[in-house]
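Participant: What follows is work.cif, mmCIF, C-alpha atoms.
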```
data_input
loop_
_atom_site.label_atom_id
_atom_site.label_comp_id
_atom_site.auth_asym_id
_atom_site.auth_seq_id
_atom_site.Cartn_x
_atom_site.Cartn_y
_atom_site.Cartn_z
CA MET J 196 -23.91 -90.73 45.10
CA LYS J 197 -24.63 -92.89 42.04
CA LYS J 198 -28.38 -92.36 42.39
CA ILE J 199 -27.88 -88.62 42.60
CA LEU J 200 -25.71 -88.65 39.47
CA LEU J 201 -28.25 -90.71 37.53
CA LEU J 202 -30.99 -88.31 38.59
CA LEU J 203 -28.96 -85.33 37.41
CA VAL J 204 -28.25 -86.99 34.08
CA ALA J 205 -31.89 -87.96 33.61
CA THR J 206 -32.90 -84.38 34.38
CA THR J 207 -30.41 -83.18 31.77
CA ALA J 208 -31.97 -85.53 29.24
CA LEU J 209 -35.45 -84.18 29.94
CA GLN J 210 -34.14 -80.66 29.60
CA MET J 211 -32.61 -81.61 26.26
CA GLN J 212 -36.02 -82.81 25.09
CA SER J 213 -37.64 -79.49 25.95
CA GLN J 214 -34.80 -77.23 24.84
CA THR J 215 -36.41 -76.61 21.50
CA GLN J 216 -39.38 -74.94 23.18
CA CYS J 217 -37.70 -71.81 24.41
CA TRP J 218 -37.62 -69.16 21.68
CA ARG J 219 -39.69 -65.99 21.58
CA ASP J 220 -38.33 -63.76 18.78
CA LEU J 221 -36.08 -63.85 15.71
CA SER J 222 -34.56 -61.44 13.19
CA TYR J 223 -32.70 -62.21 9.97
CA GLY J 224 -30.75 -59.61 8.00
CA GLY J 225 -28.59 -59.40 4.88
CA GLY J 226 -27.20 -62.71 3.66
CA SER J 227 -26.12 -64.42 6.87
CA ASN J 228 -27.14 -62.39 9.94
CA LEU J 229 -29.49 -64.44 12.14
CA PHE J 230 -30.36 -63.40 15.69
CA ALA J 231 -32.86 -64.81 18.14
CA LEU J 232 -34.13 -64.25 21.68
CA ARG J 233 -34.90 -67.02 24.13
CA ASN J 234 -37.69 -66.95 26.69
CA ASP J 235 -35.09 -66.23 29.37
CA ASN J 236 -34.30 -62.97 27.47
CA SER J 237 -30.83 -64.15 26.42
CA LEU J 238 -29.53 -63.14 22.98
CA TRP J 239 -28.22 -65.66 20.44
CA ALA J 240 -26.61 -65.47 17.00
CA TRP J 241 -25.85 -67.83 14.14
CA ILE J 242 -22.15 -68.13 13.34
CA PRO J 243 -21.35 -69.21 9.75
CA THR J 244 -18.66 -71.90 9.45
CA GLU J 245 -16.58 -73.40 6.68
CA THR J 246 -18.48 -76.67 7.00
CA ALA J 247 -21.54 -76.55 4.77
CA THR J 248 -23.57 -78.90 6.99
CA LEU J 249 -22.72 -77.22 10.29
CA GLU J 250 -24.79 -74.49 11.90
CA VAL J 251 -23.69 -72.91 15.14
CA PHE J 252 -25.88 -70.84 17.43
CA ALA J 253 -23.94 -69.15 20.20
CA GLN J 254 -25.01 -66.81 22.96
CA ILE J 255 -24.00 -63.16 22.67
CA GLY J 256 -22.57 -62.22 26.06
CA THR J 257 -24.22 -63.43 29.24
CA ASP J 258 -26.96 -60.83 29.81
CA SER J 259 -30.56 -62.00 30.12
CA ASP J 260 -32.41 -58.70 29.89
CA TRP J 261 -32.87 -58.26 26.14
CA GLN J 262 -36.28 -57.09 24.94
CA MET J 263 -36.01 -56.99 21.12
CA VAL J 264 -33.39 -57.62 18.42
CA SER J 265 -32.96 -56.51 14.82
CA ALA J 266 -30.45 -57.75 12.24
CA GLY J 267 -28.87 -55.48 9.66
CA ASP J 268 -26.75 -56.68 6.75
CA HIS J 269 -23.58 -56.97 8.82
CA HIS J 270 -24.56 -55.48 12.16
CA GLY J 271 -26.98 -56.20 14.95
CA LEU J 272 -29.04 -54.04 17.28
CA ALA J 273 -30.99 -54.83 20.41
CA ILE J 274 -32.96 -52.98 23.08
CA LYS J 275 -32.82 -54.05 26.69
CA ILE J 276 -35.71 -54.14 29.13
CA ASP J 277 -34.43 -50.91 30.68
CA GLY J 278 -34.81 -49.10 27.34
CA THR J 279 -31.11 -48.85 26.50
CA LEU J 280 -29.98 -49.52 22.93
CA TRP J 281 -26.98 -51.67 22.02
CA ALA J 282 -25.18 -52.43 18.74
CA TRP J 283 -22.41 -54.65 17.35
CA GLY J 284 -20.87 -55.74 14.04
CA TRP J 285 -19.52 -53.75 11.10
CA ASN J 286 -19.35 -49.99 11.56
CA MET J 287 -17.61 -48.49 8.52
CA ASP J 288 -20.43 -46.00 7.96
CA GLY J 289 -21.27 -45.40 11.61
CA GLN J 290 -24.27 -47.77 11.59
CA LEU J 291 -23.59 -48.68 15.23
CA GLY J 292 -24.26 -45.11 16.29
CA ASN J 293 -21.42 -44.85 18.80
CA GLY J 294 -19.58 -41.95 17.18
CA THR J 295 -16.87 -44.09 15.59
CA SER J 296 -16.28 -46.25 12.52
CA THR J 297 -14.73 -49.09 14.51
CA ASN J 298 -16.15 -52.60 14.20
CA THR J 299 -16.99 -54.53 17.36
CA THR J 300 -17.89 -58.16 18.04
CA THR J 301 -19.61 -57.45 21.35
CA PRO J 302 -22.66 -55.25 22.04
CA ILE J 303 -21.84 -51.67 22.98
CA GLN J 304 -24.37 -49.13 24.22
CA VAL J 305 -25.57 -46.44 21.83
CA GLY J 306 -25.31 -43.23 23.84
CA THR J 307 -26.84 -43.09 27.30
CA ASP J 308 -30.55 -42.72 26.55
CA ASN J 309 -32.92 -45.30 28.04
CA ASP J 310 -36.11 -44.46 26.17
CA TRP J 311 -35.69 -46.48 22.98
CA HIS J 312 -38.83 -48.27 21.78
CA LEU J 313 -38.07 -49.85 18.38
CA VAL J 314 -34.96 -50.39 16.25
CA SER J 315 -34.42 -51.66 12.70
CA GLY J 316 -31.09 -52.50 11.06
CA GLY J 317 -30.67 -51.88 7.33
CA GLY J 318 -27.87 -52.49 4.88
CA TRP J 319 -25.47 -49.91 6.33
CA HIS J 320 -27.83 -47.68 8.33
CA THR J 321 -30.12 -47.93 11.33
CA LEU J 322 -33.58 -46.58 12.19
CA ALA J 323 -35.07 -46.27 15.66
CA ILE J 324 -38.13 -44.85 17.43
CA LYS J 325 -38.17 -43.52 20.98
CA ASN J 326 -40.98 -43.82 23.50
CA ASP J 327 -42.09 -40.28 22.67
CA GLY J 328 -42.74 -41.25 19.02
CA THR J 329 -39.72 -39.41 17.59
CA LEU J 330 -37.78 -40.98 14.72
CA TRP J 331 -33.98 -41.30 14.66
CA ALA J 332 -31.48 -42.59 12.10
CA TRP J 333 -27.71 -42.98 11.60
CA GLY J 334 -25.08 -44.68 9.45
CA SER J 335 -24.72 -44.71 5.67
CA ASN J 336 -26.64 -41.99 3.85
CA TYR J 337 -25.42 -41.97 0.25
CA ASN J 338 -29.01 -42.30 -0.99
CA GLY J 339 -30.58 -40.12 1.67
CA GLN J 340 -31.82 -43.14 3.65
CA ILE J 341 -31.31 -41.39 6.99
CA GLY J 342 -33.94 -38.86 5.97
CA ILE J 343 -32.44 -35.58 7.20
CA ASN J 344 -32.05 -33.93 3.76
CA ASP J 345 -28.37 -34.60 3.13
CA PHE J 346 -26.15 -37.37 1.72
CA GLY J 347 -23.43 -37.56 4.36
CA PRO J 348 -22.95 -40.51 6.75
CA HIS J 349 -23.69 -39.91 10.43
CA GLN J 350 -22.04 -41.83 13.26
CA VAL J 351 -24.51 -40.87 16.00
CA PRO J 352 -28.33 -40.91 16.12
CA MET J 353 -29.89 -37.98 14.23
CA GLN J 354 -33.52 -37.00 14.76
CA VAL J 355 -35.56 -37.20 11.56
CA GLY J 356 -37.79 -34.15 11.46
CA THR J 357 -39.81 -33.12 14.50
CA ASP J 358 -42.88 -35.37 14.25
CA THR J 359 -43.79 -37.42 17.32
CA ASP J 360 -46.30 -39.83 15.80
CA TRP J 361 -44.09 -42.51 14.28
CA GLN J 362 -45.39 -46.03 14.96
CA THR J 363 -43.16 -48.58 13.22
CA ILE J 364 -40.10 -48.68 10.94
CA SER J 365 -38.25 -50.92 8.54
CA ALA J 366 -34.74 -50.23 7.24
CA GLY J 367 -33.97 -51.68 3.81
CA TYR J 368 -30.61 -52.02 2.12
CA ASP J 369 -30.45 -48.32 1.20
CA HIS J 370 -34.02 -47.13 1.65
CA SER J 371 -36.31 -46.64 4.63
CA MET J 372 -40.02 -47.10 5.23
CA ALA J 373 -42.17 -46.13 8.20
CA LEU J 374 -45.78 -45.97 9.39
CA LYS J 375 -47.37 -43.26 11.48
CA ASN J 376 -50.05 -43.63 14.13
CA ASP J 377 -52.72 -42.58 11.63
CA GLY J 378 -51.89 -45.56 9.39
CA SER J 379 -50.11 -43.50 6.71
CA LEU J 380 -47.10 -44.92 4.86
CA TRP J 381 -43.85 -43.01 4.32
CA GLY J 382 -40.62 -43.73 2.43
CA TRP J 383 -37.21 -42.20 1.68
CA GLY J 384 -33.77 -43.14 0.37
CA ALA J 385 -32.98 -45.08 -2.81
CA ASN J 386 -35.72 -45.64 -5.37
CA TYR J 387 -33.89 -47.13 -8.36
CA SER J 388 -36.13 -50.22 -8.52
CA GLY J 389 -39.29 -48.52 -7.33
CA GLU J 390 -38.79 -49.68 -3.75
CA LEU J 391 -40.38 -46.50 -2.36
CA GLY J 392 -43.61 -47.18 -4.24
CA PHE J 393 -44.07 -43.68 -5.71
CA GLY J 394 -44.50 -44.82 -9.32
CA TYR J 395 -42.40 -44.45 -12.46
CA ASN J 396 -42.27 -40.65 -12.45
CA MET J 397 -40.62 -40.30 -9.04
CA VAL J 398 -36.93 -39.41 -8.65
CA SER J 399 -34.34 -42.09 -7.87
CA GLN J 400 -33.45 -40.66 -4.45
CA VAL J 401 -35.57 -39.07 -1.73
CA ARG J 402 -33.79 -37.36 1.16
CA THR J 403 -36.67 -36.82 3.61
CA PRO J 404 -39.70 -38.93 4.64
CA THR J 405 -42.30 -38.60 1.89
CA ARG J 406 -45.83 -39.96 2.00
CA VAL J 407 -46.37 -42.84 -0.43
CA ASN J 408 -50.11 -42.45 -1.08
CA SER J 409 -53.27 -41.17 0.59
CA ASP J 410 -54.25 -44.46 2.27
CA ASN J 411 -54.53 -44.53 6.05
CA ASP J 412 -55.00 -48.26 6.62
CA TRP J 413 -51.46 -49.63 6.59
CA LYS J 414 -50.69 -52.11 9.39
CA THR J 415 -47.17 -53.54 8.98
CA ILE J 416 -44.18 -53.15 6.65
CA SER J 417 -41.07 -55.09 5.64
CA THR J 418 -38.09 -54.02 3.53
CA GLY J 419 -35.14 -55.81 1.98
CA MET J 420 -32.59 -55.13 -0.72
CA TRP J 421 -34.53 -52.86 -3.10
CA VAL J 422 -37.91 -54.38 -2.17
CA THR J 423 -40.81 -53.43 0.10
CA ALA J 424 -43.88 -55.31 1.32
CA ALA J 425 -46.76 -54.13 3.48
CA ILE J 426 -50.05 -55.43 4.87
CA LYS J 427 -53.19 -53.36 5.33
CA ASN J 428 -55.73 -53.56 8.15
CA SER J 429 -57.96 -55.48 5.72
CA GLY J 430 -55.41 -58.32 5.61
CA THR J 431 -54.46 -57.65 1.98
CA LEU J 432 -50.78 -57.88 1.00
CA TRP J 433 -49.03 -55.29 -1.14
CA MET J 434 -45.52 -55.25 -2.66
CA TRP J 435 -43.28 -53.11 -4.86
CA GLY J 436 -39.64 -52.78 -5.94
CA ASN J 437 -37.10 -55.17 -7.45
CA ASN J 438 -38.56 -58.30 -9.02
CA TYR J 439 -35.58 -59.99 -10.66
CA HIS J 440 -36.19 -63.22 -8.71
CA GLY J 441 -39.99 -63.13 -8.82
CA THR J 442 -40.16 -61.70 -5.32
CA GLN J 443 -43.23 -59.58 -6.14
CA ALA J 444 -45.50 -62.56 -7.05
CA THR J 445 -46.57 -60.93 -10.32
CA GLY J 446 -45.94 -64.02 -12.45
CA ASP J 447 -42.99 -62.34 -14.17
CA THR J 448 -39.70 -60.66 -13.25
CA GLN J 449 -40.46 -57.02 -14.11
CA ASP J 450 -39.83 -54.46 -11.38
CA VAL J 451 -42.86 -52.93 -9.71
CA HIS J 452 -42.60 -49.15 -9.16
CA ALA J 453 -45.98 -48.45 -7.57
CA VAL J 454 -47.85 -49.99 -4.66
CA ARG J 455 -49.46 -53.20 -5.97
CA GLN J 456 -51.67 -55.82 -4.32
CA VAL J 457 -50.50 -59.45 -4.28
CA GLY J 458 -53.43 -61.60 -5.40
CA THR J 459 -56.83 -61.14 -3.80
CA ASP J 460 -56.41 -62.91 -0.45
CA ALA J 461 -57.30 -60.86 2.62
CA ASP J 462 -55.96 -63.11 5.35
CA TRP J 463 -52.29 -62.10 5.52
CA LEU J 464 -50.92 -61.51 9.01
CA ASP J 465 -47.19 -60.79 8.58
CA VAL J 466 -44.58 -60.58 5.84
CA SER J 467 -40.77 -60.61 5.56
CA THR J 468 -39.21 -59.82 2.20
CA GLU J 469 -35.78 -59.72 0.60
CA MET J 470 -34.52 -59.40 -2.97
CA GLN J 471 -34.25 -63.19 -3.36
CA PHE J 472 -37.60 -64.28 -1.93
CA THR J 473 -40.58 -63.39 0.25
CA LEU J 474 -41.93 -65.18 3.31
CA ALA J 475 -45.43 -64.49 4.61
CA LEU J 476 -47.72 -65.64 7.42
CA LYS J 477 -51.50 -66.01 7.17
CA THR J 478 -54.13 -65.63 9.88
CA ASN J 479 -54.63 -69.42 9.89
CA HIS J 480 -50.94 -69.64 10.96
CA THR J 481 -49.68 -71.23 7.76
CA ILE J 482 -46.57 -69.81 6.08
CA TRP J 483 -46.06 -69.17 2.39
CA SER J 484 -43.05 -68.29 0.24
CA TRP J 485 -42.22 -67.28 -3.32
CA GLY J 486 -39.29 -66.07 -5.42
CA SER J 487 -35.92 -67.77 -5.74
CA GLY J 488 -35.31 -71.09 -3.97
CA SER J 489 -31.74 -71.55 -5.19
CA PHE J 490 -30.43 -71.99 -1.64
CA GLY J 491 -33.48 -73.84 -0.28
CA GLN J 492 -34.63 -70.63 1.38
CA GLN J 493 -38.28 -71.17 0.49
CA GLY J 494 -38.46 -74.10 2.88
CA ASN J 495 -40.55 -76.34 0.62
CA GLY J 496 -37.95 -79.06 0.02
CA THR J 497 -36.87 -77.78 -3.39
CA THR J 498 -34.55 -75.22 -4.95
CA ASP J 499 -37.20 -74.15 -7.48
CA THR J 500 -38.26 -70.60 -8.24
CA HIS J 501 -41.94 -69.83 -7.61
CA LEU J 502 -43.60 -66.75 -9.07
CA PHE J 503 -46.65 -67.05 -6.85
CA PRO J 504 -47.13 -67.89 -3.14
CA VAL J 505 -46.61 -71.57 -2.24
CA GLN J 506 -47.47 -72.97 1.20
CA ILE J 507 -44.58 -74.41 3.23
CA GLY J 508 -45.71 -77.80 4.55
CA SER J 509 -49.04 -78.25 6.30
CA VAL J 510 -48.22 -76.91 9.76
CA VAL J 511 -50.83 -74.46 11.11
CA THR J 512 -49.07 -73.31 14.27
CA TRP J 513 -46.62 -70.65 13.01
CA GLU J 514 -46.55 -67.42 15.03
CA LYS J 515 -43.51 -65.44 13.84
CA ILE J 516 -41.41 -65.35 10.68
CA SER J 517 -38.23 -63.71 9.39
CA SER J 518 -36.05 -63.99 6.29
CA ASN J 519 -32.94 -62.71 4.56
CA LEU J 520 -31.39 -63.41 1.16
CA TYR J 521 -30.58 -67.08 1.78
CA HIS J 522 -32.55 -68.21 4.83
CA GLY J 523 -36.05 -68.39 6.23
CA GLY J 524 -37.16 -69.03 9.77
CA GLY J 525 -40.14 -69.10 12.08
CA ILE J 526 -41.33 -69.72 15.61
CA ARG J 527 -44.35 -71.89 16.31
CA ASN J 528 -46.92 -71.47 19.06
CA ASP J 529 -45.04 -73.95 21.26
CA ASP J 530 -41.98 -71.64 21.15
CA ARG J 531 -40.03 -73.93 18.83
CA PHE J 532 -37.63 -72.19 16.44
CA TYR J 533 -37.25 -73.64 12.93
CA THR J 534 -34.95 -72.47 10.17
CA TRP J 535 -34.00 -73.50 6.64
CA GLY J 536 -31.90 -72.47 3.65
CA HIS J 537 -28.23 -72.03 2.80
CA ASN J 538 -25.60 -73.74 4.98
CA PHE J 539 -28.03 -75.47 7.33
CA THR J 540 -28.17 -79.20 8.03
CA GLY J 541 -31.87 -79.29 7.20
CA GLY J 542 -31.29 -77.60 3.87
CA SER J 543 -34.54 -76.69 2.15
CA ASN J 544 -36.79 -78.22 4.83
CA PRO J 545 -37.56 -76.59 8.20
CA HIS J 546 -35.60 -78.12 11.07
CA VAL J 547 -35.64 -77.28 14.72
CA ILE J 548 -32.90 -75.30 16.47
CA GLY J 549 -32.17 -76.47 20.00
CA CYS J 550 -31.44 -74.03 22.79
CA THR J 551 -28.06 -75.25 23.97
CA ALA J 552 -25.83 -74.65 20.97
CA LEU J 553 -27.61 -75.81 17.87
CA GLY J 554 -30.33 -78.17 16.80
CA SER J 555 -29.87 -80.29 13.75
CA SER J 556 -32.87 -82.53 14.01
CA SER J 557 -35.83 -82.71 11.72
CA GLU J 558 -39.30 -81.78 12.91
CA THR J 559 -39.32 -84.72 15.32
CA GLU J 560 -38.41 -84.49 19.01
CA VAL J 561 -34.75 -84.29 19.98
CA LYS J 562 -33.74 -87.61 21.48
CA PRO J 563 -32.18 -87.57 24.95
CA LEU J 564 -28.44 -87.37 24.42
CA ALA J 565 -26.23 -85.20 26.60
CA VAL J 566 -22.71 -84.76 27.89
CA TYR J 567 -21.56 -84.33 31.48
CA PRO J 568 -20.07 -82.91 33.59
CA ASN J 569 -20.59 -79.53 31.98
CA PRO J 570 -18.52 -77.40 32.64
CA THR J 571 -15.61 -79.83 32.79
CA GLN J 572 -11.87 -79.70 33.42
CA ASP J 573 -10.59 -83.07 32.18
CA TYR J 574 -13.15 -85.53 30.79
CA LEU J 575 -16.60 -85.63 29.20
CA GLN J 576 -19.08 -88.50 29.46
CA ILE J 577 -21.85 -89.09 26.90
CA PHE J 578 -25.28 -89.87 28.30
CA ASN J 579 -26.76 -92.24 25.72
CA PRO J 580 -29.69 -94.16 27.28
CA GLU J 581 -30.88 -95.57 23.95
CA ASN J 582 -27.43 -97.06 23.28
CA GLU J 583 -27.27 -95.50 19.84
CA THR J 584 -24.18 -96.26 17.78
CA LEU J 585 -21.71 -93.40 17.83
CA SER J 586 -19.67 -93.54 14.62
CA LYS J 587 -17.77 -90.26 14.76
CA LEU J 588 -16.94 -87.50 17.21
CA THR J 589 -15.65 -84.01 16.46
CA ILE J 590 -15.02 -81.07 18.75
CA THR J 591 -14.80 -77.56 17.31
CA ASP J 592 -14.43 -74.11 18.76
CA LEU J 593 -17.08 -71.49 18.01
CA THR J 594 -15.32 -70.45 14.80
CA GLY J 595 -15.70 -73.97 13.38
CA LYS J 596 -12.04 -74.94 13.82
CA ILE J 597 -11.64 -78.66 14.60
CA VAL J 598 -9.68 -79.25 17.81
CA LEU J 599 -10.41 -82.98 18.29
CA HIS J 600 -11.59 -85.73 15.96
CA GLN J 601 -12.28 -89.43 16.60
CA ASN J 602 -13.73 -91.86 14.04
CA ALA J 603 -14.34 -94.38 16.82
CA PRO J 604 -15.36 -92.31 19.87
CA GLN J 605 -13.62 -93.30 23.09
CA HIS J 606 -15.20 -92.94 26.53
CA PRO J 607 -14.65 -90.85 28.48
CA ILE J 608 -13.53 -88.08 26.14
CA ASP J 609 -10.25 -86.53 27.20
CA VAL J 610 -10.49 -82.72 26.84
CA SER J 611 -7.77 -81.88 29.36
CA GLN J 612 -5.51 -80.45 26.64
CA LEU J 613 -8.06 -77.94 25.41
CA GLN J 614 -7.75 -74.31 26.40
CA GLN J 615 -10.45 -72.76 28.55
CA GLY J 616 -13.49 -71.67 26.59
CA VAL J 617 -16.72 -72.76 24.91
CA TYR J 618 -16.70 -75.70 22.49
CA LEU J 619 -19.14 -77.70 20.38
CA LEU J 620 -19.20 -81.50 20.55
CA HIS J 621 -20.52 -82.97 17.28
CA LEU J 622 -21.65 -86.60 17.34
CA GLN J 623 -22.39 -88.73 14.28
CA LEU J 624 -24.97 -91.46 14.95
CA GLY J 625 -25.21 -93.91 12.07
CA ASP J 626 -25.27 -92.45 8.58
CA ASP J 627 -27.65 -89.50 8.85
CA ASP J 628 -28.27 -88.53 12.48
CA LYS J 629 -26.07 -85.74 13.80
CA ARG J 630 -26.20 -84.19 17.27
CA THR J 631 -24.31 -81.27 18.73
CA GLN J 632 -23.91 -80.21 22.34
CA ARG J 633 -22.19 -77.14 23.67
CA PHE J 634 -19.82 -77.56 26.63
CA ILE J 635 -17.51 -75.34 28.63
CA LYS J 636 -13.88 -76.26 29.28
CA GLN J 637 -12.68 -74.77 32.58
#
```
Can you present the structure in this file as structure tokens?
Facilitator:
Amino acid sequence: MKKILLLLVATTALQMQSQTQCWRDLSYGGGSNLFALRNDNSLWAWIPTETATLEVFAQIGTDSDWQMVSAGDHHGLAIKIDGTLWAWGWNMDGQLGNGTSTNTTTPIQVGTDNDWHLVSGGGWHTLAIKNDGTLWAWGSNYNGQIGINDFGPHQVPMQVGTDTDWQTISAGYDHSMALKNDGSLWGWGANYSGELGFGYNMVSQVRTPTRVNSDNDWKTISTGMWVTAAIKNSGTLWMWGNNYHGTQATGDTQDVHAVRQVGTDADWLDVSTEMQFTLALKTNHTIWSWGSGSFGQQGNGTTDTHLFPVQIGSVVTWEKISSNLYHGGGIRNDDRFYTWGHNFTGGSNPHVIGCTALGSSSETEVKPLAVYPNPTQDYLQIFNPENETLSKLTITDLTGKIVLHQNAPQHPIDVSQLQQGVYLLHLQLGDDDKRTQRFIKQ
């Protein structure tokens, strides 16, 4: 029996080492919405806590059939493999599309259709494309961002026009951008900072999709709070809109009202922009950032503001990126998920997020440290093969509330008095090394 137990614990340790290599997609929205998908198609979210050095990633539900996820300012949206669309979060303006204005903390299905292809969450509205290429929108509409020629909010999906050639979408704070199959670029909604790219003579609000220019070579788009970025088939990067934080990479902080190229480089692959800063990926798989770094969101180890693109580190294996006002994140080609910015242990440097509950290591491998049995009813044991010194132990629930604290950890850990549920065990090793493991109390 002892040999079997040791084998199980050793297997757990090996799994812990490889847990960081399990992410396939990510989406950041607003100021604190962070969602990610694992390779097993499970859906995960970041839960802000009162502790500035604590980040908590928790699974949303138990389903493992999610295909894509998109983060709005205070709501989330995801499409399942079967083509159904689901939403959760704030719903005051009907941005969840379920016919109500009731908030929900768990995903609920949007209607009964199973032919959804893409979805994008904005500030208080949502955009989506169906398999037949039709465009749909719902939620807040005070600037015409839904695109159906009115200013009233809508609590259920509304078809935008009758065109069936929409290719991709991006919902900003209160404006919307989209590309068609022919490579043309379209925008509607708010235009106070020039975020629609029409130039200085255009009105401040546009209520229906309107073509931005005559170019037919647009490849990808990204929107944020009053800002827009796009990449052409040539690999050139273009931006317009609010520039208060230097987000436009113009060398100053003047708003840009017309489509404008960023530098002369023609090797841009992807871009994610917000009012505070911009994150971009090149074809050589390096990532670059510029704008405000006041929360460490640029990922370059500083809180400086940069008015032109600055490379983040020297890693050349980045595959996907996403950003919001205060955070940046990316997935590398080994499926490791890194994040940085406000309220993360790694601060302004990228650090890896483990797959169990959270990862708070640097870019080095996670050392084998685990707890067992998991789930448990009475006691937890710590598997610590390197005999590292454990100086402090804290157990919190998923809201960050401390339910057990020990300055000198005792073994085994008595959790018999805890209520049933999911908890996070936080271990302090020495002065700087912190580990966290999720466990289930039965």
Participant: Env of Asp360 of chain J: 6 Å cut, atoms = all atoms listed in the file, seq-sep filter 2 positions within chain, self excluded. Answer as number ranges by chain.
Facilitator: J: 328, 358, 375-376
Participant: Which residues match the PyMOL selection byres ((chain J and resi 292) around 12) in the file above, as a VMD selection string?
Facilitator: chain J and resid 270 to 272 280 to 291 293 to 299 302 to 307 314 316 319 to 323 331 to 335 348 to 353
Participant: Do you know which residues lie at most 7 Å from (-33.9, -58.9, -3.8), with coordinates as in the file and all atoms listed in the file counted, and could you write them as a list in words?
Facilitator: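 Counting all atoms listed in the file, I find these residues within 7 Å of (-33.9, -58.9, -3.8): Gly419, Met420, Trp421, Val422, Asn437, His440, Glu469, Met470, Gln471 and Phe472 of chain J.
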Participant: Would you save the residues from that selection as a PDB file, in the coordinates of the input, using C-alpha atoms?
Facilitator:
```pdb
ATOM      1  CA  GLY J 419     -35.140 -55.810   1.980  1.00  0.00           C
ATOM      2  CA  MET J 420     -32.590 -55.130  -0.720  1.00  0.00           C
ATOM      3  CA  TRP J 421     -34.530 -52.860  -3.100  1.00  0.00           C
ATOM      4  CA  VAL J 422     -37.910 -54.380  -2.170  1.00  0.00           C
ATOM      5  CA  ASN J 437     -37.100 -55.170  -7.450  1.00  0.00           C
ATOM      6  CA  HIS J 440     -36.190 -63.220  -8.710  1.00  0.00           C
ATOM      7  CA  GLU J 469     -35.780 -59.720   0.600  1.00  0.00           C
ATOM      8  CA  MET J 470     -34.520 -59.400  -2.970  1.00  0.00           C
ATOM      9  CA  GLN J 471     -34.250 -63.190  -3.360  1.00  0.00           C
ATOM     10  CA  PHE J 472     -37.600 -64.280  -1.930  1.00  0.00           C
TER      11      PHE J 472
END
```
Participant: How would you write, as a ChimeraX atom specification, the residues chosen by the PyMOL selection byres ((chain J and resi 543) around 6) on this structure?
Facilitator: /J:491,494,496,535-536,542,544
Participant: Which of these residues is nearest to Gln493 of chain J, using all atoms listed in the file: J:Val610, J:Ile364, J:Val505, J:Val398?
Facilitator: J:Val505
Participant: Enumerate, as a PyMOL selection string, the residues matched when the PyMOL selection byres ((chain J and resi 587) around 10) is run on the file above.
Facilitator: chain J and resi 584-586+588-589+600-605+621-626+629
Participant: Identify, on the basis of only C-alpha atoms, every residue whose closest approach to Arg455 of chain J does not exceed 8 Å; exclude the query and any residue fewer than 5 positions from it along the same chain; express the result as a list in words.
Facilitator: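 Those residues are Trp433, Met434 and Trp435 of chain J.
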Participant: Give me, as a ChimeraX atom specification, all polymer residues having an atom no more than 12 Å from Gly367 of chain J, counting only C-alpha atoms and skipping those fewer than 6 positions away in the same chain.
Facilitator: /J:224-225,266-268,315-322,335,338,340-341,373,382-386,390-391,416-424,436,467-470,519
Participant: Hey, can you spit out that residue selection with C-alpha atoms as a compact mmCIF listing (two decimals), in the frame of the given file?
Facilitator:
```
# COMPACT_ATOMS: atom_id res chain seq x y z
CA GLY J 224 -30.75 -59.61 8.00
CA GLY J 225 -28.59 -59.40 4.88
CA ALA J 266 -30.45 -57.75 12.24
CA GLY J 267 -28.87 -55.48 9.66
CA ASP J 268 -26.75 -56.68 6.75
CA SER J 315 -34.42 -51.66 12.70
CA GLY J 316 -31.09 -52.50 11.06
CA GLY J 317 -30.67 -51.88 7.33
CA GLY J 318 -27.87 -52.49 4.88
CA TRP J 319 -25.47 -49.91 6.33
CA HIS J 320 -27.83 -47.68 8.33
CA THR J 321 -30.12 -47.93 11.33
CA LEU J 322 -33.58 -46.58 12.19
CA SER J 335 -24.72 -44.71 5.67
CA ASN J 338 -29.01 -42.30 -0.99
CA GLN J 340 -31.82 -43.14 3.65
CA ILE J 341 -31.31 -41.39 6.99
CA ALA J 373 -42.17 -46.13 8.20
CA GLY J 382 -40.62 -43.73 2.43
CA TRP J 383 -37.21 -42.20 1.68
CA GLY J 384 -33.77 -43.14 0.37
CA ALA J 385 -32.98 -45.08 -2.81
CA ASN J 386 -35.72 -45.64 -5.37
CA GLU J 390 -38.79 -49.68 -3.75
CA LEU J 391 -40.38 -46.50 -2.36
CA ILE J 416 -44.18 -53.15 6.65
CA SER J 417 -41.07 -55.09 5.64
CA THR J 418 -38.09 -54.02 3.53
CA GLY J 419 -35.14 -55.81 1.98
CA MET J 420 -32.59 -55.13 -0.72
CA TRP J 421 -34.53 -52.86 -3.10
CA VAL J 422 -37.91 -54.38 -2.17
CA THR J 423 -40.81 -53.43 0.10
CA ALA J 424 -43.88 -55.31 1.32
CA GLY J 436 -39.64 -52.78 -5.94
CA SER J 467 -40.77 -60.61 5.56
CA THR J 468 -39.21 -59.82 2.20
CA GLU J 469 -35.78 -59.72 0.60
CA MET J 470 -34.52 -59.40 -2.97
CA ASN J 519 -32.94 -62.71 4.56
```
Participant: So which one's closest to Ala475 of chain J, J:Gly441, J:Gly278, J:Gly523, J:Gly508? Using only C-alpha atoms, please.
Facilitator: J:Gly523
Participant: Might you pull out every residue within 12 Å of Lys636 of chain J, with all atoms listed in the file counted and same-chain residues fewer than 3 positions away left off, and present them as a PyMOL selection string?
Facilitator: chain J and resi 567-575+590+592+609-620+633
Participant: What gap, in Å, lies between atom CA of Trp381 of chain J and atom CA of Ser517 of chain J?
Facilitator: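 Distance reported for this atom pair: 22.0 Å.
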